[in-house]
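> Attaching a single structure in structure tokens format; questions to follow.
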Amino acid sequence: MEKILSKSAPNIDISKKIAKEIFESLKIVGESFSVFLEGGLGAGKTFLVREILQNFEIEETIISPTYTYINEYEIELGKKFAHFDFYRMVESNAFFEKGFEEISSDQEVSCFVEWGEKISEEAKNSFSGKKFVIRIEFGEGVGMRKIEFFEIC
């Protein structure tokens, strides 16, 4: 596990700067990637995904796919992104039943995964490219977050 970034964020402006730093790290990967976001309800997972995707110049409105499980985006040069949210997933094997492995294993698609702990290890392993984790923890004080970004093997 290689830690790339570990910072505390007291406000939205700092979180946007952190998202930009994460974007810069992901931009140089050169292939598809999968980012698993960890953190409690309201920690800011969707906020970070939105900020990172906006840095990739996605102009669409980026919202949490809590009810649809997935939102897909594409930029001009053909780069594709999938934003998963498994908060509502009850059965860990539902990932395969819903056919999500077709998108997750596509080498042309980079994925952001919220609530990945609700899917099986087999499902997590189906995601393509380099794998990263963004861990967001509530910090001491109002609005404080500790944000870590690291690559996993």
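For the structure tokens, the naming scheme is as follows: chains receive sequential letters (A, B, ...) according to their order of presentation, residues are indexed from 1 within each chain, and ligands are indexed from 1 in presentation order.
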Near stretch 106-121 of chain A, within 10 Å and counting only C-alpha atoms, which residues show up once chain neighbours fewer than 5 positions away are dropped, as a compact mmCIF listing (two decimals) with N, CA and C atoms, in the first residue's frame?

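Contents of the output file around14.txt:
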# COMPACT_ATOMS: atom_id res chain seq x y z
N LEU A 26 -4.18 10.66 -10.67
CA LEU A 26 -4.91 9.73 -11.53
C LEU A 26 -4.65 10.00 -13.00
N GLU A 31 -3.81 4.64 -17.86
CA GLU A 31 -4.70 3.52 -18.19
C GLU A 31 -5.93 3.66 -17.32
N SER A 32 -6.84 2.72 -17.46
CA SER A 32 -8.02 2.80 -16.61
C SER A 32 -7.62 2.59 -15.15
N PHE A 33 -8.45 3.07 -14.27
CA PHE A 33 -8.21 2.92 -12.84
C PHE A 33 -9.54 2.73 -12.14
N SER A 34 -9.47 2.24 -10.93
CA SER A 34 -10.65 2.11 -10.09
C SER A 34 -10.32 2.70 -8.73
N VAL A 35 -11.21 3.57 -8.25
CA VAL A 35 -11.01 4.24 -6.97
C VAL A 35 -12.16 3.85 -6.05
N PHE A 36 -11.83 3.25 -4.92
CA PHE A 36 -12.84 2.87 -3.93
C PHE A 36 -12.83 3.93 -2.84
N LEU A 37 -14.00 4.53 -2.59
CA LEU A 37 -14.11 5.59 -1.58
C LEU A 37 -14.70 5.01 -0.31
N GLU A 38 -14.02 5.25 0.79
CA GLU A 38 -14.45 4.76 2.10
C GLU A 38 -14.76 5.96 2.99
N GLY A 39 -15.82 5.84 3.75
CA GLY A 39 -16.17 6.91 4.69
C GLY A 39 -17.64 6.81 5.05
N GLY A 40 -17.97 7.35 6.19
CA GLY A 40 -19.33 7.29 6.67
C GLY A 40 -20.29 8.15 5.85
N LEU A 41 -21.55 8.01 6.16
CA LEU A 41 -22.59 8.79 5.52
C LEU A 41 -22.33 10.27 5.73
N LYS A 45 -17.81 11.70 0.11
CA LYS A 45 -17.36 10.83 -0.98
C LYS A 45 -17.84 11.36 -2.33
N THR A 46 -19.13 11.63 -2.44
CA THR A 46 -19.68 12.13 -3.70
C THR A 46 -19.07 13.48 -4.06
N VAL A 49 -15.71 12.81 -5.65
CA VAL A 49 -15.87 12.25 -7.00
C VAL A 49 -16.26 13.37 -7.97
N ILE A 52 -13.24 15.61 -8.71
CA ILE A 52 -12.25 14.92 -9.54
C ILE A 52 -12.75 14.83 -10.98
N LEU A 53 -14.00 14.42 -11.16
CA LEU A 53 -14.55 14.30 -12.52
C LEU A 53 -14.62 15.66 -13.22
N SER A 64 -24.86 11.80 -7.09
CA SER A 64 -24.69 10.46 -6.55
C SER A 64 -25.67 9.50 -7.22
N PRO A 65 -25.19 8.34 -7.64
CA PRO A 65 -26.09 7.34 -8.23
C PRO A 65 -26.71 6.41 -7.17
N THR A 66 -27.08 6.97 -6.04
CA THR A 66 -27.60 6.16 -4.94
C THR A 66 -28.77 5.29 -5.36
N TYR A 69 -27.55 3.13 -8.86
CA TYR A 69 -26.31 2.37 -8.63
C TYR A 69 -25.14 2.85 -9.48
N ILE A 70 -25.40 3.40 -10.66
CA ILE A 70 -24.30 3.79 -11.54
C ILE A 70 -24.68 4.97 -12.43
N ASN A 71 -23.73 5.88 -12.59
CA ASN A 71 -23.81 6.95 -13.59
C ASN A 71 -22.59 6.81 -14.47
N GLU A 72 -22.77 7.02 -15.76
CA GLU A 72 -21.66 6.91 -16.70
C GLU A 72 -21.41 8.26 -17.37
N TYR A 73 -20.13 8.54 -17.64
CA TYR A 73 -19.71 9.79 -18.25
C TYR A 73 -18.65 9.50 -19.30
N GLU A 74 -18.58 10.38 -20.30
CA GLU A 74 -17.55 10.26 -21.33
C GLU A 74 -17.08 11.65 -21.71
N GLY A 78 -12.81 10.22 -25.76
CA GLY A 78 -13.28 8.86 -25.63
C GLY A 78 -13.03 8.23 -24.27
N LYS A 79 -12.46 8.99 -23.34
CA LYS A 79 -12.23 8.46 -21.98
C LYS A 79 -13.59 8.31 -21.30
N LYS A 80 -13.81 7.16 -20.70
CA LYS A 80 -15.09 6.86 -20.07
C LYS A 80 -14.90 6.68 -18.57
N PHE A 81 -15.93 7.08 -17.83
CA PHE A 81 -15.94 6.95 -16.38
C PHE A 81 -17.26 6.35 -15.94
N ALA A 82 -17.20 5.57 -14.85
CA ALA A 82 -18.40 5.04 -14.22
C ALA A 82 -18.32 5.39 -12.73
N HIS A 83 -19.42 5.89 -12.21
CA HIS A 83 -19.51 6.26 -10.79
C HIS A 83 -20.56 5.35 -10.16
N PHE A 84 -20.09 4.44 -9.33
CA PHE A 84 -20.96 3.48 -8.64
C PHE A 84 -21.25 3.96 -7.22
N ASP A 85 -22.44 3.64 -6.74
CA ASP A 85 -22.80 3.88 -5.34
C ASP A 85 -23.60 2.67 -4.87
N PHE A 86 -23.01 1.88 -3.98
CA PHE A 86 -23.64 0.65 -3.52
C PHE A 86 -24.28 0.77 -2.14
N TYR A 87 -24.57 1.98 -1.70
CA TYR A 87 -25.17 2.20 -0.38
C TYR A 87 -26.43 1.37 -0.19
N ARG A 88 -27.26 1.28 -1.20
CA ARG A 88 -28.54 0.57 -1.10
C ARG A 88 -28.44 -0.93 -1.40
N MET A 89 -27.27 -1.41 -1.76
CA MET A 89 -27.12 -2.81 -2.11
C MET A 89 -27.18 -3.67 -0.85
N VAL A 90 -28.12 -4.60 -0.84
CA VAL A 90 -28.33 -5.44 0.34
C VAL A 90 -27.55 -6.75 0.23
N GLU A 91 -27.62 -7.38 -0.92
CA GLU A 91 -26.94 -8.65 -1.15
C GLU A 91 -25.63 -8.40 -1.90
N SER A 92 -24.52 -8.88 -1.37
CA SER A 92 -23.22 -8.61 -2.01
C SER A 92 -23.12 -9.23 -3.40
N ASN A 93 -23.88 -10.31 -3.66
CA ASN A 93 -23.83 -10.94 -4.98
C ASN A 93 -24.73 -10.23 -5.99
N ALA A 94 -25.49 -9.23 -5.58
CA ALA A 94 -26.35 -8.48 -6.49
C ALA A 94 -25.53 -7.75 -7.55
N PHE A 95 -24.28 -7.48 -7.25
CA PHE A 95 -23.37 -6.85 -8.20
C PHE A 95 -23.35 -7.63 -9.51
N PHE A 96 -23.21 -8.94 -9.42
CA PHE A 96 -23.16 -9.78 -10.62
C PHE A 96 -24.55 -9.97 -11.21
N GLU A 101 -20.41 -6.22 -13.65
CA GLU A 101 -19.04 -6.62 -13.99
C GLU A 101 -18.70 -6.30 -15.44
N SER A 126 -13.18 -7.58 -9.77
CA SER A 126 -13.58 -7.48 -11.18
C SER A 126 -13.27 -6.10 -11.76
N PHE A 127 -12.97 -5.12 -10.91
CA PHE A 127 -12.68 -3.77 -11.40
C PHE A 127 -11.31 -3.76 -12.06
N SER A 128 -11.23 -3.05 -13.20
CA SER A 128 -10.01 -3.06 -14.00
C SER A 128 -9.04 -1.95 -13.61
N GLY A 129 -7.85 -2.05 -14.16
CA GLY A 129 -6.84 -1.01 -14.00
C GLY A 129 -6.21 -0.97 -12.62
N LYS A 130 -5.39 0.07 -12.42
CA LYS A 130 -4.79 0.28 -11.10
C LYS A 130 -5.91 0.58 -10.11
N LYS A 131 -5.70 0.14 -8.88
CA LYS A 131 -6.73 0.34 -7.86
C LYS A 131 -6.22 1.26 -6.76
N PHE A 132 -7.10 2.17 -6.36
CA PHE A 132 -6.79 3.15 -5.34
C PHE A 132 -7.91 3.20 -4.31
N VAL A 133 -7.60 3.75 -3.15
CA VAL A 133 -8.59 4.00 -2.11
C VAL A 133 -8.51 5.46 -1.70
N ILE A 134 -9.66 6.07 -1.54
CA ILE A 134 -9.77 7.37 -0.89
C ILE A 134 -10.52 7.10 0.40
> Where does DSSP see alpha helix (DSSP H) in stretch 1-152 of chain A, if you list the residues as number ranges by chain?
A: 12-27, 45-55, 94-97, 101-104, 121-125
> Name the closest residue to A:Glu151 among the candidates A:Lys16, A:Glu51, A:Ala43, A:Ser25; distances are taken between atoms, counting only C-alpha atoms.
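The shortest atom-to-atom distance to A:Glu151 comes from A:Ser25.
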> Considering only strand (DSSP E) as DSSP defines it on the backbone, what residues of chain A qualify? List them as a PyMOL selection string.
chain A and resi 2-9+33-38+70-74+80-85+109-114+130-138+145-152
> With C-alpha atoms retained, write the just-selected residues as a short mmCIF file (atom, residue, chain, number, x, y, z; two decimals), in the first residue's frame.

data_model
loop_
_atom_site.label_atom_id
_atom_site.label_comp_id
_atom_site.auth_asym_id
_atom_site.auth_seq_id
_atom_site.Cartn_x
_atom_site.Cartn_y
_atom_site.Cartn_z
CA GLU A 2 1.59 3.21 -1.19
CA LYS A 3 0.16 6.28 0.48
CA ILE A 4 0.03 9.14 -1.99
CA LEU A 5 -1.74 11.76 0.07
CA SER A 6 -2.85 12.27 3.66
CA LYS A 7 -4.28 15.63 4.64
CA SER A 8 -6.85 17.21 6.89
CA ALA A 9 -9.47 19.40 5.25
CA PHE A 33 -8.21 2.92 -12.84
CA SER A 34 -10.65 2.11 -10.09
CA VAL A 35 -11.01 4.24 -6.97
CA PHE A 36 -12.84 2.87 -3.93
CA LEU A 37 -14.11 5.59 -1.58
CA GLU A 38 -14.45 4.76 2.10
CA ILE A 70 -24.30 3.79 -11.54
CA ASN A 71 -23.81 6.95 -13.59
CA GLU A 72 -21.66 6.91 -16.70
CA TYR A 73 -19.71 9.79 -18.25
CA GLU A 74 -17.55 10.26 -21.33
CA LYS A 80 -15.09 6.86 -20.07
CA PHE A 81 -15.94 6.95 -16.38
CA ALA A 82 -18.40 5.04 -14.22
CA HIS A 83 -19.51 6.26 -10.79
CA PHE A 84 -20.96 3.48 -8.64
CA ASP A 85 -22.80 3.88 -5.34
CA VAL A 109 -13.62 2.64 -18.24
CA SER A 110 -12.23 4.22 -15.07
CA CYS A 111 -14.45 3.70 -12.03
CA PHE A 112 -15.25 5.50 -8.80
CA VAL A 113 -16.91 3.22 -6.24
CA GLU A 114 -18.76 4.48 -3.17
CA LYS A 130 -4.79 0.28 -11.10
CA LYS A 131 -6.73 0.34 -7.86
CA PHE A 132 -6.79 3.15 -5.34
CA VAL A 133 -8.59 4.00 -2.11
CA ILE A 134 -9.77 7.37 -0.89
CA ARG A 135 -10.48 7.11 2.82
CA ILE A 136 -12.39 9.98 4.42
CA GLU A 137 -12.74 10.18 8.18
CA PHE A 138 -14.52 12.79 10.25
CA ARG A 145 -12.12 15.64 7.40
CA LYS A 146 -9.01 13.52 7.22
CA ILE A 147 -8.52 12.40 3.64
CA GLU A 148 -6.07 9.67 2.61
CA PHE A 149 -5.40 8.54 -0.94
CA PHE A 150 -3.37 5.44 -1.65
CA GLU A 151 -2.77 2.74 -4.22
CA ILE A 152 -3.63 -0.86 -3.40
#
> Using only C-alpha atoms, can you tell me which of A:Ile75, A:Ile103, A:Leu48, A:Ala123 comes closest to A:Ser15?
A:Leu48
